[in-house]
Amino acid sequence: MNFNPAVGLAWGERGVVHQGLRRPALAIRDMNKAVELEPKNPGFLAARGFAHFLDGALDKAVADLSHAVSFGADLYAILFLYLARARLGQAAATELARNAASLSTTDWPQPAAFLLGRNTAELLLNKAIGVAEKAEATFYIGQWHLLRGETGEAVDWLRRAAAECPPPFIERNIAIIDLEHLEEQAS
């Protein structure tokens, strides 16, 4: 397969590979080019937002993810927009509720309802279908504990997410980064 530098998808796919390998600077570089070629593509905006999140540039993640959501980005952009805003100390629940209002209550991801306090961790895990969704659920439960300053519980859930989420999942990569930061803070 040839790499065509005039096609946004080529840059976007390569950026996703870099993101999966936890190389956020390279992912951002490639996503910048993808967004330049297709500025209204919500997938590229969201992917660049995920890469900024992975890199710890939460303000840039918020900018990209909110832009992606305004263009109708996928459900994960909504969740990570909430997480980025919450980590920045911004009020995020109202926006998550508004963005999640269009989501079906039976469709995954159920984490929006969980993060809003509309269901429990047990219900979230029970509604997850298959290994991938259950692994993602562990990540969002870990994030919920992390946002509340419950470090011990967060570490337990994030370890599970890091072990259970497939390698290319952004949830796995963020869990690994969060665990590294928590270990640095503990030492």
# chains A, B, ... in the order shown; residues from 1 in each chain; ligands from 1

call {"tool": "select_by_dssp", "arguments": {"residues": "region 102-186 of chain A", "states": "helix (DSSP H, G or I)", "output": "PyMOL selection string"}}
result
chain A and resi 111-115+121-127+130-147+151-164+170-186

call {"tool": "write_last_selection", "arguments": {"atoms": "C-alpha atoms", "output": "tab-separated table (two decimals), in the first residue's frame"}}
result
chain	number	residue	atom	x	y	z
A	111	PRO	CA	-20.14	5.40	30.50
A	112	ALA	CA	-21.87	8.74	29.82
A	113	ALA	CA	-24.75	7.73	32.07
A	114	PHE	CA	-22.31	6.33	34.63
A	115	LEU	CA	-20.14	9.48	34.70
A	121	ALA	CA	-20.30	0.74	38.26
A	122	GLU	CA	-21.96	-2.65	38.62
A	123	LEU	CA	-24.68	-1.70	36.12
A	124	LEU	CA	-22.07	-0.28	33.74
A	125	LEU	CA	-20.15	-3.56	33.80
A	126	ASN	CA	-23.36	-5.57	33.39
A	127	LYS	CA	-24.47	-3.51	30.35
A	130	GLY	CA	-18.16	-8.46	25.09
A	131	VAL	CA	-14.59	-8.24	26.22
A	132	ALA	CA	-13.82	-4.85	24.63
A	133	GLU	CA	-16.78	-3.04	26.21
A	134	LYS	CA	-16.11	-4.61	29.60
A	135	ALA	CA	-12.48	-3.47	29.35
A	136	GLU	CA	-13.59	0.04	28.43
A	137	ALA	CA	-16.02	0.03	31.36
A	138	THR	CA	-13.13	-0.66	33.75
A	139	PHE	CA	-11.33	2.38	32.33
A	140	TYR	CA	-14.29	4.72	32.87
A	141	ILE	CA	-14.79	3.40	36.40
A	142	GLY	CA	-11.11	4.12	37.03
A	143	GLN	CA	-11.52	7.63	35.64
A	144	TRP	CA	-14.56	8.20	37.86
A	145	HIS	CA	-12.49	7.30	40.94
A	146	LEU	CA	-9.55	9.37	39.71
A	147	LEU	CA	-11.71	12.47	39.26
A	151	THR	CA	-6.42	7.09	44.11
A	152	GLY	CA	-6.38	3.54	45.47
A	153	GLU	CA	-9.61	2.58	43.73
A	154	ALA	CA	-8.54	4.39	40.58
A	155	VAL	CA	-5.27	2.45	40.44
A	156	ASP	CA	-7.07	-0.88	40.79
A	157	TRP	CA	-9.51	-0.13	37.95
A	158	LEU	CA	-6.88	1.48	35.71
A	159	ARG	CA	-4.61	-1.55	36.11
A	160	ARG	CA	-7.47	-3.73	34.93
A	161	ALA	CA	-8.13	-1.41	32.00
A	162	ALA	CA	-4.45	-1.40	31.02
A	163	ALA	CA	-4.40	-5.19	31.11
A	164	GLU	CA	-7.77	-5.84	29.47
A	170	ILE	CA	-7.14	5.04	23.63
A	171	GLU	CA	-8.53	3.89	26.99
A	172	ARG	CA	-5.64	1.46	27.41
A	173	ASN	CA	-3.04	4.08	26.57
A	174	ILE	CA	-4.54	6.70	28.89
A	175	ALA	CA	-4.79	4.10	31.68
A	176	ILE	CA	-1.07	3.32	31.28
A	177	ILE	CA	-0.13	7.01	31.32
A	178	ASP	CA	-2.36	7.65	34.35
A	179	LEU	CA	-0.79	4.74	36.21
A	180	GLU	CA	2.70	6.07	35.44
A	181	HIS	CA	1.72	9.51	36.79
A	182	LEU	CA	0.16	8.01	39.90
A	183	GLU	CA	3.30	5.96	40.55
A	184	GLU	CA	5.47	9.08	40.15
A	185	GLN	CA	3.28	10.96	42.65
A	186	ALA	CA	3.48	8.09	45.14

call {"tool": "residues_around", "arguments": {"residues": "Ala63 (chain A)", "least_positions_apart": "5", "cutoff": "9 Å", "atoms": "only C-alpha atoms", "output": "PyMOL selection string"}}
result
chain A and resi 49+58+68+81

call {"tool": "residues_around", "arguments": {"residues": "Ala84 (chain A)", "least_positions_apart": "3", "cutoff": "12 Å", "atoms": "only C-alpha atoms", "output": "PyMOL selection string"}}
result
chain A and resi 49-66+77-81+87-93+96+143+147+174

call {"tool": "decode", "arguments": {"residues": "region 122-150 of chain A", "atoms": "N, CA and C atoms", "output": "PDB file, in the first residue's frame"}}
result
ATOM      1  N   GLU A 122     -21.478  -1.283  38.847  1.00  0.00           N
ATOM      2  CA  GLU A 122     -21.962  -2.650  38.616  1.00  0.00           C
ATOM      3  C   GLU A 122     -22.882  -2.701  37.392  1.00  0.00           C
ATOM      4  N   LEU A 123     -23.782  -1.732  37.274  1.00  0.00           N
ATOM      5  CA  LEU A 123     -24.685  -1.695  36.121  1.00  0.00           C
ATOM      6  C   LEU A 123     -23.900  -1.436  34.833  1.00  0.00           C
ATOM      7  N   LEU A 124     -22.909  -0.554  34.905  1.00  0.00           N
ATOM      8  CA  LEU A 124     -22.070  -0.282  33.737  1.00  0.00           C
ATOM      9  C   LEU A 124     -21.398  -1.562  33.257  1.00  0.00           C
ATOM     10  N   LEU A 125     -20.810  -2.304  34.166  1.00  0.00           N
ATOM     11  CA  LEU A 125     -20.152  -3.560  33.800  1.00  0.00           C
ATOM     12  C   LEU A 125     -21.152  -4.578  33.261  1.00  0.00           C
ATOM     13  N   ASN A 126     -22.345  -4.624  33.849  1.00  0.00           N
ATOM     14  CA  ASN A 126     -23.359  -5.571  33.388  1.00  0.00           C
ATOM     15  C   ASN A 126     -23.903  -5.221  32.009  1.00  0.00           C
ATOM     16  N   LYS A 127     -23.947  -3.920  31.662  1.00  0.00           N
ATOM     17  CA  LYS A 127     -24.466  -3.509  30.355  1.00  0.00           C
ATOM     18  C   LYS A 127     -23.422  -3.648  29.247  1.00  0.00           C
ATOM     19  N   ALA A 128     -22.170  -3.742  29.644  1.00  0.00           N
ATOM     20  CA  ALA A 128     -21.099  -3.908  28.662  1.00  0.00           C
ATOM     21  C   ALA A 128     -21.219  -5.295  28.033  1.00  0.00           C
ATOM     22  N   ILE A 129     -21.176  -5.306  26.713  1.00  0.00           N
ATOM     23  CA  ILE A 129     -21.294  -6.563  25.971  1.00  0.00           C
ATOM     24  C   ILE A 129     -19.935  -6.884  25.371  1.00  0.00           C
ATOM     25  N   GLY A 130     -19.431  -8.034  25.669  1.00  0.00           N
ATOM     26  CA  GLY A 130     -18.164  -8.464  25.089  1.00  0.00           C
ATOM     27  C   GLY A 130     -16.968  -7.961  25.867  1.00  0.00           C
ATOM     28  N   VAL A 131     -15.839  -8.517  25.520  1.00  0.00           N
ATOM     29  CA  VAL A 131     -14.592  -8.238  26.222  1.00  0.00           C
ATOM     30  C   VAL A 131     -14.174  -6.778  26.073  1.00  0.00           C
ATOM     31  N   ALA A 132     -14.280  -6.228  24.865  1.00  0.00           N
ATOM     32  CA  ALA A 132     -13.820  -4.853  24.635  1.00  0.00           C
ATOM     33  C   ALA A 132     -14.632  -3.849  25.450  1.00  0.00           C
ATOM     34  N   GLU A 133     -15.959  -3.976  25.444  1.00  0.00           N
ATOM     35  CA  GLU A 133     -16.784  -3.042  26.206  1.00  0.00           C
ATOM     36  C   GLU A 133     -16.554  -3.197  27.704  1.00  0.00           C
ATOM     37  N   LYS A 134     -16.381  -4.405  28.175  1.00  0.00           N
ATOM     38  CA  LYS A 134     -16.115  -4.610  29.599  1.00  0.00           C
ATOM     39  C   LYS A 134     -14.772  -3.975  29.981  1.00  0.00           C
ATOM     40  N   ALA A 135     -13.783  -4.089  29.096  1.00  0.00           N
ATOM     41  CA  ALA A 135     -12.481  -3.471  29.350  1.00  0.00           C
ATOM     42  C   ALA A 135     -12.617  -1.948  29.381  1.00  0.00           C
ATOM     43  N   GLU A 136     -13.363  -1.398  28.436  1.00  0.00           N
ATOM     44  CA  GLU A 136     -13.593   0.044  28.428  1.00  0.00           C
ATOM     45  C   GLU A 136     -14.309   0.479  29.699  1.00  0.00           C
ATOM     46  N   ALA A 137     -15.283  -0.303  30.142  1.00  0.00           N
ATOM     47  CA  ALA A 137     -16.018   0.030  31.361  1.00  0.00           C
ATOM     48  C   ALA A 137     -15.065   0.154  32.547  1.00  0.00           C
ATOM     49  N   THR A 138     -14.085  -0.743  32.639  1.00  0.00           N
ATOM     50  CA  THR A 138     -13.128  -0.665  33.747  1.00  0.00           C
ATOM     51  C   THR A 138     -12.354   0.650  33.695  1.00  0.00           C
ATOM     52  N   PHE A 139     -12.038   1.106  32.483  1.00  0.00           N
ATOM     53  CA  PHE A 139     -11.331   2.380  32.328  1.00  0.00           C
ATOM     54  C   PHE A 139     -12.172   3.537  32.865  1.00  0.00           C
ATOM     55  N   TYR A 140     -13.440   3.603  32.453  1.00  0.00           N
ATOM     56  CA  TYR A 140     -14.288   4.723  32.873  1.00  0.00           C
ATOM     57  C   TYR A 140     -14.578   4.681  34.373  1.00  0.00           C
ATOM     58  N   ILE A 141     -14.648   3.499  34.945  1.00  0.00           N
ATOM     59  CA  ILE A 141     -14.792   3.401  36.399  1.00  0.00           C
ATOM     60  C   ILE A 141     -13.524   3.934  37.064  1.00  0.00           C
ATOM     61  N   GLY A 142     -12.369   3.586  36.514  1.00  0.00           N
ATOM     62  CA  GLY A 142     -11.112   4.120  37.032  1.00  0.00           C
ATOM     63  C   GLY A 142     -11.048   5.633  36.935  1.00  0.00           C
ATOM     64  N   GLN A 143     -11.504   6.176  35.816  1.00  0.00           N
ATOM     65  CA  GLN A 143     -11.521   7.631  35.643  1.00  0.00           C
ATOM     66  C   GLN A 143     -12.439   8.297  36.656  1.00  0.00           C
ATOM     67  N   TRP A 144     -13.594   7.675  36.886  1.00  0.00           N
ATOM     68  CA  TRP A 144     -14.558   8.205  37.859  1.00  0.00           C
ATOM     69  C   TRP A 144     -13.906   8.324  39.227  1.00  0.00           C
ATOM     70  N   HIS A 145     -13.185   7.262  39.648  1.00  0.00           N
ATOM     71  CA  HIS A 145     -12.491   7.298  40.941  1.00  0.00           C
ATOM     72  C   HIS A 145     -11.364   8.330  40.926  1.00  0.00           C
ATOM     73  N   LEU A 146     -10.641   8.410  39.824  1.00  0.00           N
ATOM     74  CA  LEU A 146      -9.545   9.369  39.712  1.00  0.00           C
ATOM     75  C   LEU A 146     -10.048  10.803  39.850  1.00  0.00           C
ATOM     76  N   LEU A 147     -11.155  11.119  39.197  1.00  0.00           N
ATOM     77  CA  LEU A 147     -11.710  12.471  39.265  1.00  0.00           C
ATOM     78  C   LEU A 147     -12.180  12.825  40.675  1.00  0.00           C
ATOM     79  N   ARG A 148     -12.465  11.840  41.478  1.00  0.00           N
ATOM     80  CA  ARG A 148     -12.909  12.060  42.853  1.00  0.00           C
ATOM     81  C   ARG A 148     -11.757  11.987  43.852  1.00  0.00           C
ATOM     82  N   GLY A 149     -10.542  11.830  43.347  1.00  0.00           N
ATOM     83  CA  GLY A 149      -9.380  11.776  44.227  1.00  0.00           C
ATOM     84  C   GLY A 149      -9.243  10.469  44.974  1.00  0.00           C
ATOM     85  N   GLU A 150      -9.948   9.445  44.537  1.00  0.00           N
ATOM     86  CA  GLU A 150      -9.898   8.120  45.172  1.00  0.00           C
ATOM     87  C   GLU A 150      -8.815   7.295  44.489  1.00  0.00           C
TER      88      GLU A 150
END
